[in-house]
Each structure stands twice: as C-alpha cells, then as structure tokens.
$ cat work-v2.cif   # mmCIF, C-alpha atoms
data_upload
loop_
_atom_site.label_atom_id
_atom_site.label_comp_id
_atom_site.auth_asym_id
_atom_site.auth_seq_id
_atom_site.Cartn_x
_atom_site.Cartn_y
_atom_site.Cartn_z
CA MET A 1 214.72 147.61 149.99
CA GLN A 2 214.26 144.72 152.43
CA ALA A 3 210.81 144.03 151.03
CA VAL A 4 212.20 143.84 147.50
CA VAL A 5 214.92 141.38 148.57
CA PHE A 6 212.34 139.33 150.45
CA PHE A 7 209.92 139.09 147.53
CA ILE A 8 212.63 138.25 145.01
CA SER A 9 214.21 135.57 147.20
CA ALA A 10 210.77 134.21 148.18
CA ALA A 11 209.94 133.91 144.47
CA ILE A 12 213.23 132.07 143.89
CA VAL A 13 212.40 129.68 146.74
CA ILE A 14 208.89 129.01 145.41
CA VAL A 15 210.06 128.48 141.82
CA GLY A 16 212.84 126.19 143.03
CA ALA A 17 210.46 124.19 145.21
CA LEU A 18 208.01 123.81 142.32
CA GLY A 19 210.92 122.69 140.13
CA VAL A 20 211.81 119.99 142.66
CA VAL A 21 208.29 118.63 142.59
CA LEU A 22 207.38 119.11 138.93
CA ARG A 23 210.59 118.22 137.08
CA ALA A 24 210.59 114.79 135.47
CA ASN A 25 214.38 114.51 135.33
CA PRO A 26 215.82 113.84 138.83
CA VAL A 27 219.01 115.75 138.05
CA HIS A 28 217.01 118.83 137.10
CA ALA A 29 214.95 118.41 140.27
CA ALA A 30 218.14 118.31 142.35
CA LEU A 31 219.39 121.47 140.65
CA SER A 32 216.04 123.12 141.37
CA MET A 33 216.63 122.17 145.00
CA VAL A 34 219.93 124.04 144.87
CA MET A 35 218.08 127.12 143.61
CA CYS A 36 215.57 126.80 146.44
CA LEU A 37 218.32 126.44 149.04
CA PHE A 38 220.16 129.50 147.73
CA GLY A 39 216.93 131.49 148.01
CA VAL A 40 216.59 130.38 151.63
CA ALA A 41 220.20 131.47 152.24
CA VAL A 42 219.36 134.94 150.88
CA LEU A 43 216.41 135.07 153.27
CA PHE A 44 218.76 134.20 156.13
CA VAL A 45 221.11 137.02 155.10
CA SER A 46 218.22 139.46 155.01
CA LEU A 47 217.42 138.45 158.61
CA ASP A 48 221.05 139.07 159.64
CA ALA A 49 221.61 135.35 160.24
CA HIS A 50 224.87 135.19 158.32
CA PHE A 51 226.10 132.02 159.99
CA LEU A 52 222.90 130.16 159.06
CA ALA A 53 223.18 131.46 155.50
CA ALA A 54 226.74 130.14 155.25
CA VAL A 55 225.70 126.79 156.70
CA GLN A 56 222.76 126.68 154.29
CA VAL A 57 225.04 127.16 151.28
CA ILE A 58 227.94 125.01 152.45
CA VAL A 59 226.11 122.10 154.04
CA TYR A 60 222.82 121.86 152.19
CA ALA A 61 223.46 123.35 148.75
CA GLY A 62 227.04 122.13 148.72
CA ALA A 63 227.27 118.77 150.42
CA ILE A 64 223.78 117.32 150.56
CA VAL A 65 222.76 118.15 146.99
CA VAL A 66 226.12 116.90 145.70
CA LEU A 67 225.41 113.67 147.59
CA PHE A 68 221.97 113.50 145.95
CA LEU A 69 223.51 114.02 142.51
CA PHE A 70 226.16 111.40 143.26
CA VAL A 71 223.49 108.87 144.21
CA LEU A 72 221.38 109.74 141.15
CA MET A 73 224.35 109.31 138.83
CA LEU A 74 225.26 105.97 140.40
CA LEU A 75 221.73 104.62 140.14
CA GLY A 76 221.46 105.56 136.48
CA VAL A 77 218.65 107.99 135.84
CA ASP A 78 218.94 107.67 132.08
CA LYS A 79 216.41 104.83 131.99
CA ALA A 80 212.89 105.81 131.04
CA GLU A 81 210.21 104.43 133.34
CA ASP A 82 206.54 104.04 132.58
CA VAL A 83 204.83 106.00 135.35
CA ARG A 84 201.39 104.79 134.26
CA THR A 85 202.21 101.28 135.46
CA GLU A 86 201.75 101.13 139.21
CA ARG A 87 202.80 98.19 141.31
CA VAL A 88 200.74 99.30 144.29
CA LYS A 89 197.29 100.46 143.20
CA VAL A 90 196.42 102.30 146.42
CA GLN A 91 199.66 104.28 146.56
CA ARG A 92 198.43 107.48 144.90
CA PRO A 93 195.11 107.75 146.79
CA PHE A 94 196.90 106.98 150.06
CA ALA A 95 199.51 109.66 149.30
CA ALA A 96 196.73 112.17 148.54
CA ILE A 97 195.01 111.36 151.84
CA VAL A 98 198.26 111.66 153.82
CA GLY A 99 199.10 114.94 152.05
CA ALA A 100 195.67 116.38 152.81
CA GLY A 101 196.03 115.28 156.42
CA MET A 102 199.43 116.94 156.74
CA LEU A 103 198.04 120.15 155.21
CA GLY A 104 195.17 120.01 157.69
CA LEU A 105 197.56 119.56 160.61
CA ALA A 106 199.66 122.49 159.41
CA LEU A 107 196.57 124.71 159.17
CA VAL A 108 195.38 123.64 162.64
CA ALA A 109 198.84 124.42 164.07
CA LEU A 110 198.87 127.78 162.30
CA PHE A 111 195.50 128.80 163.68
CA ALA A 112 196.32 127.45 167.16
CA ALA A 113 199.54 129.47 167.27
CA ARG A 114 197.93 132.70 166.08
CA GLY A 115 198.56 135.48 168.55
CA ARG A 116 201.25 133.54 170.41
CA ASN A 117 204.96 134.07 170.38
CA ILE A 118 206.13 131.02 168.43
CA THR A 119 209.59 132.28 167.55
CA GLY A 120 210.99 132.08 171.07
CA GLN A 121 211.88 135.77 171.03
CA GLY A 122 211.65 137.28 174.48
CA THR A 123 211.97 133.96 176.27
CA SER A 124 215.05 132.98 178.18
CA ASP A 125 216.31 129.90 179.92
CA PRO A 126 218.91 130.82 182.56
CA GLY A 127 220.51 127.38 182.34
CA LYS A 128 221.21 127.68 178.62
CA GLN A 129 222.21 131.34 178.36
CA ALA A 130 225.52 132.14 176.76
CA LEU A 131 228.22 133.54 178.95
CA VAL A 132 228.44 137.30 179.11
CA GLY A 133 230.73 138.54 176.35
CA GLU A 134 230.59 135.25 174.44
CA ASP A 135 229.53 135.53 170.82
CA ASN A 136 226.83 133.37 169.27
CA ILE A 137 229.15 131.22 167.17
CA ARG A 138 231.22 130.19 170.17
CA ALA A 139 228.07 129.35 172.14
CA LEU A 140 226.73 127.36 169.19
CA ALA A 141 230.03 125.50 168.78
CA ARG A 142 230.15 124.72 172.49
CA SER A 143 226.59 123.37 172.32
CA VAL A 144 227.15 121.34 169.14
CA PHE A 145 230.43 119.79 170.20
CA SER A 146 229.42 119.04 173.78
CA ASP A 147 225.66 118.52 174.14
CA TYR A 148 224.86 117.20 170.65
CA VAL A 149 228.13 115.57 169.58
CA LEU A 150 226.62 112.06 169.58
CA ALA A 151 223.80 113.14 167.26
CA PHE A 152 226.28 114.63 164.79
CA GLN A 153 228.45 111.52 164.86
CA LEU A 154 225.43 109.27 164.27
CA THR A 155 224.35 111.49 161.36
CA SER A 156 227.76 111.24 159.75
CA VAL A 157 227.76 107.45 160.16
CA LEU A 158 224.28 107.32 158.61
CA LEU A 159 225.44 109.36 155.60
CA VAL A 160 228.49 107.12 155.09
CA ILE A 161 226.28 104.02 155.27
CA ALA A 162 223.91 105.59 152.72
CA VAL A 163 226.77 106.24 150.29
CA LEU A 164 228.16 102.72 150.73
CA GLY A 165 224.71 101.23 150.22
CA THR A 166 224.24 103.27 147.05
CA VAL A 167 227.58 102.14 145.68
CA LEU A 168 226.73 98.51 146.40
CA LEU A 169 223.27 98.82 144.84
CA ALA A 170 224.59 100.56 141.76
CA ARG A 171 227.43 98.12 141.20
CA ARG A 172 226.57 95.83 138.35
CA PRO A 173 227.91 92.30 138.27
CA PRO A 174 230.74 91.84 135.78
CA LYS A 175 229.76 90.38 132.44
CA GLN A 176 230.84 86.79 131.97
CA LEU A 177 233.02 86.46 128.90
CA PRO A 178 233.04 83.04 127.24
CA LEU A 179 236.17 81.12 127.96
CA PRO A 180 238.23 79.93 125.01
CA ASP A 181 237.85 76.28 126.13
CA ASP A 182 234.02 76.59 126.08
CA ALA A 183 234.04 77.94 122.52
CA GLU A 184 236.23 75.08 121.28
CA ALA A 185 234.13 72.45 123.07
CA ALA A 186 230.92 73.83 121.55
CA ALA A 187 232.38 73.60 118.02
#

$ encode --input "work-v2.cif" --output "structure tokens"
Amino acid sequence: MQAVVFFISAAIVIVGALGVVLRANPVHAALSMVMCLFGVAVLFVSLDAHFLAAVQVIVYAGAIVVLFLFVLMLLGVDKAEDVRTERVKVQRPFAAIVGAGMLGLALVALFAARGRNITGQGTSDPGKQALVGEDNIRALARSVFSDYVLAFQLTSVLLVIAVLGTVLLARRPPKQLPLPDDAEAAA
C-alpha cells in the first residue's frame, strides 16, 4: 500500500512541477505549484513526518502560493507579451549552459554520495540532542525560537518588503482629468 501511495503522490508532484514550468499563464503555473506542494505533503505523511506535512500545506501551499497569486494579480498578468522578442540575445543560451551545469553538479553529487549515509540517520551530536522525554515538536520550537529567531524575523521582514514593493510597482498613477478652466481657455 505504501508503494501505491508513493507512486501516486510522486506522479502528482511530477505533473505539478511540469505544470509550473510548461504553463503559459502564470496563475495556472501557481496553481500547478499548489498541486506539487500537496503531493510533497502526501509524501511527508507517508514517511510519518506529519508536522512537516502540515507545515508544507499551511506555509507553502497556503501562504507562499497565495502571496505569489497576490503579486501576479497586482502586476496584471492579463497582458499578452511577445516571447519571440528578446531584449538580451544571450539570455537563453546562457540559461541553457547554467542549467546543464547545475544538472552536472547534481549528478556529480549523486555519484559522490553513493554508498554513504546522506540522510543523517544514525548520527548524533550530543550538544544538540533533545532532552530525554521531550517530543520533537517542542525541541523544534525551542530551536526555532531561540537559535534561529533572527533568521525567521529577517525572513518575515523580507516578505513584507516584497509585498510593499509589489504594491508600489503595481500602483498606476492617477489619470489626469482636464480641469474645467483648461477646457474653457482652449475654446
């Protein structure tokens, strides 16, 4: 049964990821991202990582994708753009070279890590071990709100700045209506 759940959710993730890349409409691409993130959440549930599955749905599929959709709606995606006209001629070949390089690095890392324990299972750091009898969520909360609290605050400030910047960029200047005095002077 676990294999069936894995293959179905892996297929959902792959189809969602392909939808993100191949969809022409940005709103449809963002909704494909939601599908991909829900598939990842199902994979987390199948691995008994229920907290990560809940975070995946609430934070990523809920908040981040809603933020993406909010930004897309503010920027106005209803305008058709001619994708054949390129401002930077070397952009596509450079992107292909960088993509091939990243794929090569991923393959090198995969072959270098073959046979090694890359998940961290079986390793332990006595300084970072949870207290005896303490559950994982409490240990995670203690770590997040003590060791990494500055990183989370900086991330929230960055997201607020991104939303404010989007609102300012999307705001159109008000249309100037002709004043009644100007119309009489012109006549």

$ atom_distance --input "work-v2.cif" --atom1 "atom CA of A:Phe111" --atom2 "atom CA of A:Phe6"
23.9 Å

$ residues_around --input "work-v2.cif" --residues "stretch 152-164 of chain A" --least-positions-apart "6" --cutoff "9 Å" --atoms "only C-alpha atoms" --output "JSON, numbers by chain"
{"A": [67, 70, 71, 144, 145]}

$ resolve_selection --input "work-v2.cif" --expression "the PyMOL selection byres ((chain A and resi 15-23) around 6)" --output "ChimeraX atom specification"
/A:12-14,24-25,29,32-33,35-36

$ residues_around --input "work-v2.cif" --residues "stretch 47-63 of chain A" --least-positions-apart "6" --cutoff "7 Å" --atoms "only C-alpha atoms" --output "PDB file with C-alpha atoms, keeping the file's coordinate frame"
ATOM      1  CA  VAL A  34     219.930 124.040 144.870  1.00  0.00           C
ATOM      2  CA  LEU A  37     218.320 126.440 149.040  1.00  0.00           C
ATOM      3  CA  PHE A  38     220.160 129.500 147.730  1.00  0.00           C
ATOM      4  CA  ALA A  41     220.200 131.470 152.240  1.00  0.00           C
TER       5      ALA A  41
END

$ closest_residue --input "work-v2.cif" --among "A:Leu140, A:Val40, A:Leu74, A:Phe7" --to "A:Gly165" --atoms "all atoms listed in the file"
A:Leu74

$ atom_distance --input "work-v2.cif" --atom1 "atom CA of A:Ser9" --atom2 "atom CA of A:Ala112"
28.0 Å

$ atom_distance --input "work-v2.cif" --atom1 "atom CA of A:Pro93" --atom2 "atom CA of A:Pro26"
23.0 Å

$ closest_residue --input "work-v2.cif" --among "A:Phe94, A:Ser146, A:Thr166, A:Phe44" --to "A:Phe68" --atoms "all atoms listed in the file"
A:Thr166

$ closest_residue --input "work-v2.cif" --among "A:Val149, A:Leu43, A:Ile64, A:Val27" --to "A:Ala3" --atoms "all atoms listed in the file"
A:Leu43

$ closest_residue --input "work-v2.cif" --among "A:Ala30, A:Ala151, A:Val167, A:Met102" --to "A:Val66" --atoms "all atoms listed in the file"
A:Ala30
